[in-house]
Structure formats: C-alpha cells, structure tokens
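One file, entry-v8.cif, is given below (mmCIF, C-alpha atoms; chains and numbers go by the auth columns).
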```
data_protein
loop_
_atom_site.group_PDB
_atom_site.id
_atom_site.type_symbol
_atom_site.label_atom_id
_atom_site.label_comp_id
_atom_site.label_asym_id
_atom_site.label_seq_id
_atom_site.Cartn_x
_atom_site.Cartn_y
_atom_site.Cartn_z
_atom_site.B_iso_or_equiv
_atom_site.auth_seq_id
_atom_site.auth_asym_id
ATOM 1 C CA MET A 1 107.474 89.891 33.465 0.00 153 A
ATOM 2 C CA THR A 2 110.408 90.485 31.098 0.00 154 A
ATOM 3 C CA ASP A 3 114.022 91.420 31.788 0.00 155 A
ATOM 4 C CA ALA A 4 113.168 95.032 30.916 0.00 156 A
ATOM 5 C CA GLU A 5 110.220 95.306 33.277 0.00 157 A
ATOM 6 C CA PRO A 6 111.277 94.770 36.896 0.00 158 A
ATOM 7 C CA ARG A 7 108.944 96.089 39.562 0.00 159 A
ATOM 8 C CA ALA A 8 110.366 99.436 40.675 0.00 160 A
ATOM 9 C CA GLY A 9 111.655 99.321 44.250 0.00 161 A
ATOM 10 C CA ALA A 10 110.553 95.710 44.749 0.00 162 A
ATOM 11 C CA VAL A 11 112.942 93.224 46.366 0.00 163 A
ATOM 12 C CA SER A 12 113.596 89.670 45.206 0.00 164 A
ATOM 13 C CA VAL A 13 115.589 87.448 47.572 0.00 165 A
ATOM 14 C CA ILE A 14 117.679 84.831 45.730 0.00 166 A
ATOM 15 C CA VAL A 15 118.731 81.707 47.634 0.00 167 A
ATOM 16 C CA PRO A 16 120.825 79.029 45.889 0.00 168 A
ATOM 17 C CA THR A 17 120.364 75.574 47.410 0.00 169 A
ATOM 18 C CA LEU A 18 121.966 72.162 47.289 0.00 170 A
ATOM 19 C CA ASN A 19 120.655 69.692 49.874 0.00 171 A
ATOM 20 C CA GLU A 20 119.255 72.260 52.322 0.00 172 A
ATOM 21 C CA ALA A 21 115.952 70.547 53.182 0.00 173 A
ATOM 22 C CA GLU A 22 116.286 71.272 56.887 0.00 174 A
ATOM 23 C CA ASN A 23 116.934 74.961 56.369 0.00 175 A
ATOM 24 C CA VAL A 24 114.560 76.245 53.687 0.00 176 A
ATOM 25 C CA GLN A 25 111.431 76.475 55.812 0.00 177 A
ATOM 26 C CA PRO A 26 112.975 78.421 58.722 0.00 178 A
ATOM 27 C CA LEU A 27 114.838 80.613 56.213 0.00 179 A
ATOM 28 C CA VAL A 28 111.672 81.556 54.331 0.00 180 A
ATOM 29 C CA ARG A 29 109.897 82.282 57.594 0.00 181 A
ATOM 30 C CA GLN A 30 112.706 84.544 58.817 0.00 182 A
ATOM 31 C CA VAL A 31 113.051 86.406 55.510 0.00 183 A
ATOM 32 C CA PHE A 32 109.344 87.153 55.423 0.00 184 A
ATOM 33 C CA ALA A 33 109.439 88.313 59.055 0.00 185 A
ATOM 34 C CA ALA A 34 112.353 90.659 58.297 0.00 186 A
ATOM 35 C CA LEU A 35 110.852 92.061 55.088 0.00 187 A
ATOM 36 C CA PRO A 36 107.079 91.431 54.955 0.00 188 A
ATOM 37 C CA GLN A 37 106.777 93.376 51.692 0.00 189 A
ATOM 38 C CA VAL A 38 109.313 91.185 49.869 0.00 190 A
ATOM 39 C CA ALA A 39 108.189 90.639 46.272 0.00 191 A
ATOM 40 C CA GLU A 40 109.412 87.048 46.151 0.00 192 A
ATOM 41 C CA ILE A 41 111.860 84.534 47.541 0.00 193 A
ATOM 42 C CA ILE A 42 113.482 82.626 44.674 0.00 194 A
ATOM 43 C CA ILE A 43 114.979 79.275 45.624 0.00 195 A
ATOM 44 C CA VAL A 44 117.394 78.110 42.904 0.00 196 A
ATOM 45 C CA ASP A 45 118.079 74.429 43.435 0.00 197 A
ATOM 46 C CA ASP A 46 121.058 72.712 41.847 0.00 198 A
ATOM 47 C CA GLY A 47 119.974 69.071 41.972 0.00 199 A
ATOM 48 C CA SER A 48 119.233 68.413 45.637 0.00 200 A
ATOM 49 C CA THR A 49 118.543 64.797 46.560 0.00 201 A
ATOM 50 C CA ASP A 50 117.475 65.289 50.183 0.00 202 A
ATOM 51 C CA GLY A 51 113.929 66.567 49.627 0.00 203 A
ATOM 52 C CA THR A 52 114.815 70.264 49.382 0.00 204 A
ATOM 53 C CA ARG A 53 112.642 70.760 46.309 0.00 205 A
ATOM 54 C CA GLU A 54 109.657 69.105 47.926 0.00 206 A
ATOM 55 C CA ARG A 55 110.029 71.340 50.981 0.00 207 A
ATOM 56 C CA VAL A 56 110.130 74.440 48.771 0.00 208 A
ATOM 57 C CA GLN A 57 107.161 73.311 46.684 0.00 209 A
ATOM 58 C CA ALA A 58 105.150 72.991 49.882 0.00 210 A
ATOM 59 C CA LEU A 59 105.889 76.679 50.559 0.00 211 A
ATOM 60 C CA THR A 60 105.177 78.163 47.138 0.00 212 A
ATOM 61 C CA GLY A 61 102.412 80.732 47.005 0.00 213 A
ATOM 62 C CA SER A 62 102.335 82.370 50.443 0.00 214 A
ATOM 63 C CA PRO A 63 104.649 84.017 51.257 0.00 215 A
ATOM 64 C CA PRO A 64 105.651 84.458 47.607 0.00 216 A
ATOM 65 C CA VAL A 65 108.120 81.608 47.132 0.00 217 A
ATOM 66 C CA ARG A 66 109.303 80.430 43.708 0.00 218 A
ATOM 67 C CA LEU A 67 111.346 77.348 42.888 0.00 219 A
ATOM 68 C CA LEU A 68 113.819 77.291 39.996 0.00 220 A
ATOM 69 C CA THR A 69 115.504 73.976 39.278 0.00 221 A
ATOM 70 C CA ARG A 70 118.823 73.358 37.545 0.00 222 A
ATOM 71 C CA ASP A 71 119.260 69.653 36.920 0.00 223 A
ATOM 72 C CA GLN A 72 122.463 70.196 34.962 0.00 224 A
ATOM 73 C CA PRO A 73 123.892 73.239 36.751 0.00 225 A
ATOM 74 C CA THR A 74 126.765 75.236 35.318 0.00 226 A
ATOM 75 C CA LEU A 75 129.050 77.913 36.815 0.00 227 A
ATOM 76 C CA GLY A 76 128.476 76.718 40.380 0.00 228 A
ATOM 77 C CA LEU A 77 126.724 78.861 42.953 0.00 229 A
ATOM 78 C CA SER A 78 127.335 81.975 40.872 0.00 230 A
ATOM 79 C CA GLY A 79 125.432 80.389 38.006 0.00 231 A
ATOM 80 C CA ALA A 80 122.508 79.767 40.349 0.00 232 A
ATOM 81 C CA VAL A 81 122.531 83.412 41.434 0.00 233 A
ATOM 82 C CA ILE A 82 122.531 84.626 37.839 0.00 234 A
ATOM 83 C CA ALA A 83 119.662 82.268 36.970 0.00 235 A
ATOM 84 C CA GLY A 84 117.708 83.673 39.894 0.00 236 A
ATOM 85 C CA ALA A 85 118.444 87.258 38.874 0.00 237 A
ATOM 86 C CA GLN A 86 117.353 86.602 35.303 0.00 238 A
ATOM 87 C CA ALA A 87 114.025 85.299 36.583 0.00 239 A
ATOM 88 C CA ALA A 88 113.566 87.928 39.307 0.00 240 A
ATOM 89 C CA ARG A 89 110.634 90.346 39.214 0.00 241 A
ATOM 90 C CA GLY A 90 112.124 92.843 41.659 0.00 242 A
ATOM 91 C CA GLU A 91 114.293 95.829 40.779 0.00 243 A
ATOM 92 C CA ILE A 92 116.560 95.004 43.728 0.00 244 A
ATOM 93 C CA VAL A 93 117.932 91.550 44.468 0.00 245 A
ATOM 94 C CA VAL A 94 119.297 90.261 47.754 0.00 246 A
ATOM 95 C CA VAL A 95 121.568 87.219 47.555 0.00 247 A
ATOM 96 C CA MET A 96 122.059 84.989 50.571 0.00 248 A
ATOM 97 C CA ASP A 97 122.937 81.446 51.585 0.00 249 A
ATOM 98 C CA ALA A 98 120.301 78.908 52.558 0.00 250 A
ATOM 99 C CA ASP A 99 122.053 77.667 55.691 0.00 251 A
ATOM 100 C CA LEU A 100 121.005 80.594 57.957 0.00 252 A
ATOM 101 C CA SER A 101 124.604 81.747 58.356 0.00 253 A
ATOM 102 C CA HIS A 102 123.499 85.056 56.831 0.00 254 A
ATOM 103 C CA PRO A 103 121.091 86.867 59.191 0.00 255 A
ATOM 104 C CA PRO A 104 117.743 87.516 57.463 0.00 256 A
ATOM 105 C CA ASP A 105 116.925 90.291 59.920 0.00 257 A
ATOM 106 C CA GLN A 106 119.671 92.396 58.316 0.00 258 A
ATOM 107 C CA ILE A 107 118.065 92.393 54.869 0.00 259 A
ATOM 108 C CA PRO A 108 116.415 95.818 55.373 0.00 260 A
ATOM 109 C CA ARG A 109 119.825 97.322 56.212 0.00 261 A
ATOM 110 C CA LEU A 110 121.204 96.011 52.939 0.00 262 A
ATOM 111 C CA VAL A 111 118.282 97.250 50.866 0.00 263 A
ATOM 112 C CA GLN A 112 117.757 100.756 52.244 0.00 264 A
ATOM 113 C CA PRO A 113 121.009 102.374 50.974 0.00 265 A
ATOM 114 C CA LEU A 114 120.126 101.238 47.462 0.00 266 A
ATOM 115 C CA ARG A 115 116.695 102.810 47.720 0.00 267 A
ATOM 116 C CA ASP A 116 118.253 106.000 49.126 0.00 268 A
ATOM 117 C CA GLY A 117 120.773 106.184 46.295 0.00 269 A
ATOM 118 C CA ALA A 118 123.652 106.008 48.786 0.00 270 A
ATOM 119 C CA ALA A 119 125.283 102.908 47.269 0.00 271 A
ATOM 120 C CA ASP A 120 125.226 100.650 44.222 0.00 272 A
ATOM 121 C CA MET A 121 125.941 97.480 46.185 0.00 273 A
ATOM 122 C CA VAL A 122 125.619 96.740 49.902 0.00 274 A
ATOM 123 C CA ILE A 123 127.464 93.843 51.507 0.00 275 A
ATOM 124 C CA GLY A 124 126.866 92.165 54.845 0.00 276 A
ATOM 125 C CA SER A 125 130.397 92.225 56.218 0.00 277 A
ATOM 126 C CA ARG A 126 132.147 90.134 58.830 0.00 278 A
ATOM 127 C CA TYR A 127 135.233 92.298 58.806 0.00 279 A
ATOM 128 C CA VAL A 128 134.145 95.865 59.396 0.00 280 A
ATOM 129 C CA LYS A 129 133.628 97.287 62.883 0.00 281 A
ATOM 130 C CA GLY A 130 130.715 95.452 64.513 0.00 282 A
ATOM 131 C CA GLY A 131 130.970 92.381 62.280 0.00 283 A
ATOM 132 C CA THR A 132 131.568 89.004 63.943 0.00 284 A
ATOM 133 C CA THR A 133 131.883 85.277 63.241 0.00 285 A
ATOM 134 C CA PRO A 134 130.584 83.706 66.461 0.00 286 A
ATOM 135 C CA GLY A 135 131.278 80.030 66.968 0.00 287 A
ATOM 136 C CA TRP A 136 133.807 79.678 64.176 0.00 288 A
ATOM 137 C CA PRO A 137 136.801 77.392 64.811 0.00 289 A
ATOM 138 C CA LEU A 138 140.228 79.007 64.590 0.00 290 A
ATOM 139 C CA TYR A 139 141.202 77.305 61.310 0.00 291 A
ATOM 140 C CA ARG A 140 138.093 78.592 59.559 0.00 292 A
ATOM 141 C CA LYS A 141 138.651 82.130 60.830 0.00 293 A
ATOM 142 C CA ALA A 142 142.222 81.979 59.541 0.00 294 A
ATOM 143 C CA MET A 143 141.205 80.691 56.092 0.00 295 A
ATOM 144 C CA SER A 144 138.473 83.287 55.753 0.00 296 A
ATOM 145 C CA ARG A 145 140.759 86.127 56.783 0.00 297 A
ATOM 146 C CA VAL A 146 143.416 85.060 54.299 0.00 298 A
ATOM 147 C CA ALA A 147 140.875 84.952 51.457 0.00 299 A
ATOM 148 C CA ALA A 148 139.489 88.370 52.412 0.00 300 A
ATOM 149 C CA ALA A 149 143.009 89.799 52.612 0.00 301 A
ATOM 150 C CA MET A 150 143.816 88.447 49.148 0.00 302 A
ATOM 151 C CA ALA A 151 140.658 90.017 47.734 0.00 303 A
ATOM 152 C CA TYR A 152 141.062 93.442 49.368 0.00 304 A
ATOM 153 C CA PRO A 153 143.772 94.847 47.042 0.00 305 A
ATOM 154 C CA LEU A 154 141.560 94.003 44.066 0.00 306 A
ATOM 155 C CA THR A 155 138.295 95.326 45.494 0.00 307 A
ATOM 156 C CA GLY A 156 138.964 97.840 48.268 0.00 308 A
ATOM 157 C CA VAL A 157 136.281 95.954 50.209 0.00 309 A
ATOM 158 C CA HIS A 158 136.944 94.239 53.537 0.00 310 A
ATOM 159 C CA ASP A 159 134.610 91.286 52.957 0.00 311 A
ATOM 160 C CA SER A 160 133.885 90.769 49.277 0.00 312 A
ATOM 161 C CA MET A 161 133.785 87.022 49.984 0.00 313 A
ATOM 162 C CA CYS A 162 130.770 86.955 52.311 0.00 314 A
ATOM 163 C CA GLY A 163 128.074 86.233 49.722 0.00 315 A
ATOM 164 C CA PHE A 164 125.323 88.218 51.476 0.00 316 A
ATOM 165 C CA PHE A 165 124.612 91.347 49.453 0.00 317 A
ATOM 166 C CA ALA A 166 122.032 93.564 47.791 0.00 318 A
ATOM 167 C CA ILE A 167 122.313 95.140 44.357 0.00 319 A
ATOM 168 C CA ARG A 168 120.031 96.312 41.596 0.00 320 A
ATOM 169 C CA ARG A 169 119.138 93.411 39.365 0.00 321 A
ATOM 170 C CA ALA A 170 120.204 95.107 36.135 0.00 322 A
ATOM 171 C CA ARG A 171 123.601 96.016 37.598 0.00 323 A
ATOM 172 C CA LEU A 172 124.266 92.451 38.741 0.00 324 A
ATOM 173 C CA LEU A 173 123.365 91.014 35.341 0.00 325 A
ATOM 174 C CA ALA A 174 125.617 93.559 33.636 0.00 326 A
ATOM 175 C CA LEU A 175 128.619 92.958 35.915 0.00 327 A
ATOM 176 C CA ALA A 176 128.664 89.218 36.429 0.00 328 A
ATOM 177 C CA PRO A 177 127.209 87.386 33.416 0.00 329 A
ATOM 178 C CA ALA A 178 130.060 84.853 33.338 0.00 330 A
ATOM 179 C CA ALA A 179 130.985 84.608 37.010 0.00 331 A
ATOM 180 C CA THR A 180 131.725 81.116 38.246 0.00 332 A
ATOM 181 C CA GLY A 181 132.298 79.399 41.580 0.00 333 A
ATOM 182 C CA PHE A 182 131.134 80.697 44.948 0.00 334 A
ATOM 183 C CA LYS A 183 132.220 84.349 44.994 0.00 335 A
ATOM 184 C CA ILE A 184 129.977 86.277 42.651 0.00 336 A
ATOM 185 C CA ALA A 185 130.129 89.438 44.785 0.00 337 A
ATOM 186 C CA PHE A 186 133.923 89.481 44.480 0.00 338 A
ATOM 187 C CA GLU A 187 133.754 89.211 40.698 0.00 339 A
ATOM 188 C CA ALA A 188 131.047 91.853 40.383 0.00 340 A
ATOM 189 C CA ILE A 189 133.101 94.310 42.454 0.00 341 A
ATOM 190 C CA VAL A 190 136.238 93.686 40.405 0.00 342 A
ATOM 191 C CA ARG A 191 134.330 94.217 37.154 0.00 343 A
ATOM 192 C CA GLY A 192 132.575 97.305 38.523 0.00 344 A
ATOM 193 C CA GLY A 193 135.831 98.980 39.492 0.00 345 A
ATOM 194 C CA ARG A 194 135.789 102.546 40.777 0.00 346 A
ATOM 195 C CA GLU A 195 132.352 103.240 39.323 0.00 347 A
ATOM 196 C CA LEU A 196 130.658 100.747 41.664 0.00 348 A
ATOM 197 C CA ARG A 197 129.908 102.326 45.045 0.00 349 A
ATOM 198 C CA VAL A 198 130.099 99.536 47.609 0.00 350 A
ATOM 199 C CA LEU A 199 128.913 99.903 51.197 0.00 351 A
ATOM 200 C CA GLU A 200 129.626 97.355 53.930 0.00 352 A
ATOM 201 C CA VAL A 201 127.323 96.896 56.924 0.00 353 A
ATOM 202 C CA PRO A 202 128.389 94.710 59.857 0.00 354 A
ATOM 203 C CA ILE A 203 126.720 91.364 60.434 0.00 355 A
ATOM 204 C CA ALA A 204 127.120 88.356 62.717 0.00 356 A
ATOM 205 C CA PHE A 205 127.955 85.482 60.371 0.00 357 A
ATOM 206 C CA ARG A 206 127.104 82.254 62.175 0.00 358 A
ATOM 207 C CA ASP A 207 128.187 78.738 61.337 0.00 359 A
ATOM 208 C CA ARG A 208 125.465 76.519 59.916 0.00 360 A
ATOM 209 C CA ALA A 209 123.433 74.603 62.496 0.00 361 A
ATOM 210 C CA ARG A 210 122.078 71.971 60.073 0.00 362 A
ATOM 211 C CA GLY A 211 123.411 70.278 56.947 0.00 363 A
ATOM 212 C CA ALA A 212 126.912 70.039 55.516 0.00 364 A
ATOM 213 C CA SER A 213 129.160 72.800 54.230 0.00 365 A
ATOM 214 C CA LYS A 214 129.791 72.945 50.455 0.00 366 A
ATOM 215 C CA MET A 215 133.316 74.312 50.886 0.00 367 A
ATOM 216 C CA ASN A 216 136.000 71.944 49.611 0.00 368 A
ATOM 217 C CA LEU A 217 139.349 71.874 47.802 0.00 369 A
ATOM 218 C CA ARG A 218 137.724 72.249 44.386 0.00 370 A
ATOM 219 C CA VAL A 219 135.965 75.443 45.507 0.00 371 A
ATOM 220 C CA ALA A 220 139.248 76.812 46.854 0.00 372 A
ATOM 221 C CA LEU A 221 140.979 76.022 43.562 0.00 373 A
ATOM 222 C CA ILE A 222 138.271 77.759 41.534 0.00 374 A
ATOM 223 C CA PHE A 223 138.608 80.852 43.715 0.00 375 A
ATOM 224 C CA SER A 224 142.382 80.832 43.218 0.00 376 A
ATOM 225 C CA LEU A 225 141.956 80.766 39.447 0.00 377 A
ATOM 226 C CA ARG A 226 139.325 83.502 39.501 0.00 378 A
ATOM 227 C CA TRP A 227 141.549 85.590 41.783 0.00 379 A
ATOM 228 C CA LEU A 228 144.360 85.361 39.244 0.00 380 A
ATOM 229 C CA ALA A 229 141.979 86.394 36.456 0.00 381 A
ATOM 230 C CA ALA A 230 140.709 89.298 38.573 0.00 382 A
ATOM 231 C CA ALA A 231 144.270 90.399 39.369 0.00 383 A
ATOM 232 C CA ALA A 232 145.060 90.450 35.660 0.00 384 A
ATOM 233 C CA ARG A 233 141.929 92.496 34.970 0.00 385 A
ATOM 234 C CA VAL A 234 142.764 95.074 37.650 0.00 386 A
ATOM 235 C CA THR A 235 146.378 95.337 36.475 0.00 387 A
ATOM 236 C CA THR A 236 145.278 95.919 32.885 0.00 388 A
ATOM 237 C CA ARG A 237 142.781 98.557 34.007 0.00 389 A
ATOM 238 C CA LYS A 238 145.462 100.420 35.995 0.00 390 A
ATOM 239 C CA ARG A 239 147.855 100.364 33.084 0.00 391 A
ATOM 240 C CA SER A 240 145.156 101.754 30.822 0.00 392 A
ATOM 241 C CA ARG A 241 144.517 104.640 33.224 0.00 393 A
ATOM 242 C CA VAL A 242 148.225 105.427 33.346 0.00 394 A
ATOM 243 C CA SER A 243 148.846 105.143 29.596 0.00 395 A
ATOM 244 C CA ALA A 244 145.793 107.132 28.451 0.00 396 A
ATOM 245 C CA PRO A 245 147.038 110.569 29.696 0.00 397 A
ATOM 246 C CA LYS A 246 150.481 109.863 28.231 0.00 398 A
ATOM 247 C CA ALA A 247 148.948 109.040 24.859 0.00 399 A
ATOM 248 C CA ARG A 248 146.885 112.250 24.902 0.00 400 A
ATOM 249 C CA ALA A 249 149.978 114.272 25.819 0.00 401 A
ATOM 250 C CA ARG A 250 151.888 112.871 22.828 0.00 402 A
ATOM 251 C CA GLU A 251 149.024 113.802 20.522 0.00 403 A
ATOM 252 C CA GLN A 252 149.016 117.439 21.656 0.00 404 A
#
```
The structure in this file should be written as structure tokens.
Amino acid sequence: MTDAEPRAGAVSVIVPTLNEAENVQPLVRQVFAALPQVAEIIIVDDGSTDGTRERVQALTGSPPVRLLTRDQPTLGLSGAVIAGAQAARGEIVVVMDADLSHPPDQIPRLVQPLRDGAADMVIGSRYVKGGTTPGWPLYRKAMSRVAAAMAYPLTGVHDSMCGFFAIRRARLLALAPAATGFKIAFEAIVRGGRELRVLEVPIAFRDRARGASKMNLRVALIFSLRWLAAAARVTTRKRSRVSAPKARAREQ
C-alpha cells in the first residue's frame, strides 16, 4: 500500500507508546470492541524498555495490530503520529493515547462526521458541554485549562490540546509534516486556519490507571515555544488578509 492508495473509508487507529506495557492489551481490546471493522491499530513505539513491544508483538495479526518501532525517535509524540500516518492503510486516522485516558468507545463518534462530510477534523473535547475530567487533581485541571485558554485565540477550538482526534490521513500529512512535541492537533489546526472545519464532541478524559505520565517541564517548554511560533503564524496570516484588499484597491 502506497501513500497514494489508502483504503477508502477505512480507519487506522494510531497509538504512540513509550513504556505502556500494562495498557496496550486492554487498549487494543477496547478499540476493537468499539470499532470491529477497524482496518488496523498501529502502535508506534519510541524505545520502550518495559516490554511494551513484546506485548504488542503478541497481539499482531488478530485483531489487525501493527508495530512500528522508532529506536532513535525525533519530533516527540508528534513525530510518532506522523510516522504512523505515513504507514497507515486507512483513509481516516484516529489518534489517541495508550494510557486509556481517551475513551475508545467514542471512536465511532469521531469518525462518523468525517464520513458524512460534516467536518474535516473531529476532536474529543474535555471543555465543551458534556465533557469532563473525572478524578483529576485541582492543579492538573488548572494547568490544562490555562493551556487550552492560551490555545483558543489561535485555533477557535476549546480543546485543541486533548490529543484524541480523527482526520483524513492525507489532510494530517499535509498540515503537520514538521510538528513537534505533544500537541500535533493544535499545530494542525493552526496551519489549517479557517479552511479546516473542526468539530468537538464531548468526552470523559480519565487519568491514567497504570504507568507514569510523560508530562514534564521539557514538554511544557516545547509547547511554549510552539505556541509562540503558532501565534506568529496566525498574526502573519491576519495581516495578509488585511493588506491584500488594500493592495488590490491601490492597483485599481
């Protein structure tokens, strides 16, 4: 299967992993239960040392599970997502975390608007009506809300930071070829601008039950730098929209 020949209407689920041995088996089971016709579940592993790869290899074949390994990963989680999308056989890709914080049973709700032509990207959102973050400590809720609030003026989306989304494979590869860090959805939305129709559906985003979070100061710093780059991009785009009519008026 080449980049130009995705299976029409088929869904590939992309799951980046780093030391998620305890979670991959229940995740695969739940994804397959939610979407039995899924074309494939692509696990993109960035050098796990806890037996994650061995757990995935034991699952390959049925349901359709594929393992991609990146022993010298670049561009963080976003790089893993792009690697998965490049290898995907489905026309539509769903991106989600491995830690079961993203509810697999909501995958059909993310996919259907794309198939109906009602949206170009569908996000599982914590911050639209009906979305929740059960069990989160107060400090984490505060940090997440601040990040979402910072992103909103650049995206017009309430929860561009969630990381649980569906989009057509070709669109993702066109919008985010050089995204880095954890927030590939945020960068894709900024690059897509007004032409990208984004729909948010509410989800319950639960804290991980097993394993350790990958969030740290370095991740926060990378997001800050990417936010500044995105702000510059949006500002330049707005100035171009304002200056273009003025330039045409002077020519007339």
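Reported to one decimal place, the separation of CA of Phe317 (chain A) from CA of Ile355 (chain A) is 11.2 Å.
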Each side padded by 4 Å, which centre and which edge lengths in Å (one decimal) define the axis-aligned box around the listed atoms of region 350-361 of chain A? Give them as JSON.
```
{"center_x": 126.8, "center_y": 87.3, "center_z": 55.2, "size_x": 14.7, "size_y": 33.3, "size_z": 23.1}
```
Rounded to one decimal place, report the CA of Val263 (chain A)-CA of Gln209 (chain A) distance in Å.
->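 Result for CA of Val263 (chain A) versus CA of Gln209 (chain A): 26.7 Å, one decimal.
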Enumerate, as a short mmCIF file (atom, residue, chain, number, x, y, z; two decimals) with C-alpha atoms, keeping the file's coordinate frame, the residues matched when the PyMOL selection byres ((chain A and resi 204) around 6) is run on the file above.
```
data_model
loop_
_atom_site.label_atom_id
_atom_site.label_comp_id
_atom_site.auth_asym_id
_atom_site.auth_seq_id
_atom_site.Cartn_x
_atom_site.Cartn_y
_atom_site.Cartn_z
CA ASN A 171 120.66 69.69 49.87
CA GLU A 172 119.26 72.26 52.32
CA ALA A 173 115.95 70.55 53.18
CA ASP A 202 117.48 65.29 50.18
CA GLY A 203 113.93 66.57 49.63
CA ARG A 205 112.64 70.76 46.31
CA GLU A 206 109.66 69.10 47.93
CA ARG A 207 110.03 71.34 50.98
#
```
**OP:** Find the residues near region 179-191 of chain A: any atom within 6 Å, counting all atoms listed in the file, skip ones fewer than 3 places away on the same chain, and give them as a ChimeraX atom specification.
**Re:** /A:162-164,176,256-257
Next item on the list: Quick one: apply the PyMOL selection byres ((chain A and resi 196) around 8) to the file and drop the selected residues here as a PyMOL selection string.
Entry: chain A and resi 166-169+194-195+197-198+219-222+232-233+235-236
If you count all atoms listed in the file, the residue of A:Ala326, A:Leu227, A:Ala300, A:Leu266 closest to Met313 (chain A) turns out to be A:Ala300
Selected by the PyMOL selection byres ((chain A and resi 281-294) around 12) in the shown coordinates: which residues, as a PyMOL selection string? chain A and resi 253-255+258+275-280+295-301+310-311+314+352-361+365+367
Env of Ala271 (chain A): 10 Å cut, atoms = all atoms listed in the file, seq-sep filter 4 positions within chain, self excluded. Answer as a tab-separated table (two decimals) with C-alpha atoms, in the frame of the given file.
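out_13.tsv, freshly written:
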```tsv
chain	number	residue	atom	x	y	z
A	262	LEU	CA	121.20	96.01	52.94
A	263	VAL	CA	118.28	97.25	50.87
A	264	GLN	CA	117.76	100.76	52.24
A	265	PRO	CA	121.01	102.37	50.97
A	266	LEU	CA	120.13	101.24	47.46
A	267	ARG	CA	116.70	102.81	47.72
A	318	ALA	CA	122.03	93.56	47.79
A	319	ILE	CA	122.31	95.14	44.36
A	348	LEU	CA	130.66	100.75	41.66
A	349	ARG	CA	129.91	102.33	45.04
A	350	VAL	CA	130.10	99.54	47.61
A	351	LEU	CA	128.91	99.90	51.20
A	352	GLU	CA	129.63	97.36	53.93
```
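Distance annotation: of A:Leu306, A:Ala322, A:Val208, A:Leu170, the residue with the minimal separation from Arg343 (chain A) is A:Leu306; atom set is only C-alpha atoms.
Here CA of Ser312 (chain A) stands at a distance of 26.1 Å from CA of Pro178 (chain A).
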Query raised in the report: For Arg323 (chain A), which residue among A:Ile336, A:Ile244, A:Leu252, A:Ala270 is the nearest when counting only C-alpha atoms?
Result: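 Residue with the minimum atom-to-atom distance to Arg323 (chain A): A:Ile244.
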Exercise for review: Excluding Pro215 (chain A) and residues on its chain fewer than 3 positions from it, collect all residues at most 8 Å away from it, counting only C-alpha atoms, and give them as a VMD selection string.
Suggested key: chain A and resid 184 192 211 to 212
With all atoms listed in the file as the atoms that count, which of A:Pro329, A:Gly315, A:Gly242, A:Gly231 lies nearest to Ile193 (chain A)?
->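 So, comparing all the options, the nearest one is A:Gly242.
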Distance criterion (all atoms listed in the file): nearest to Pro225 (chain A) out of A:Ala328, A:Ser200, A:Ala239, A:Gly213
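Checking each of A:Ala328, A:Ser200, A:Ala239, A:Gly213 against Pro225 (chain A), counting all atoms listed in the file, the winner is A:Ser200.
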Using only C-alpha atoms, the best pick from A:Glu174, A:Leu324, A:Met248, A:Ile259 as closest to Glu339 (chain A) would be A:Leu324
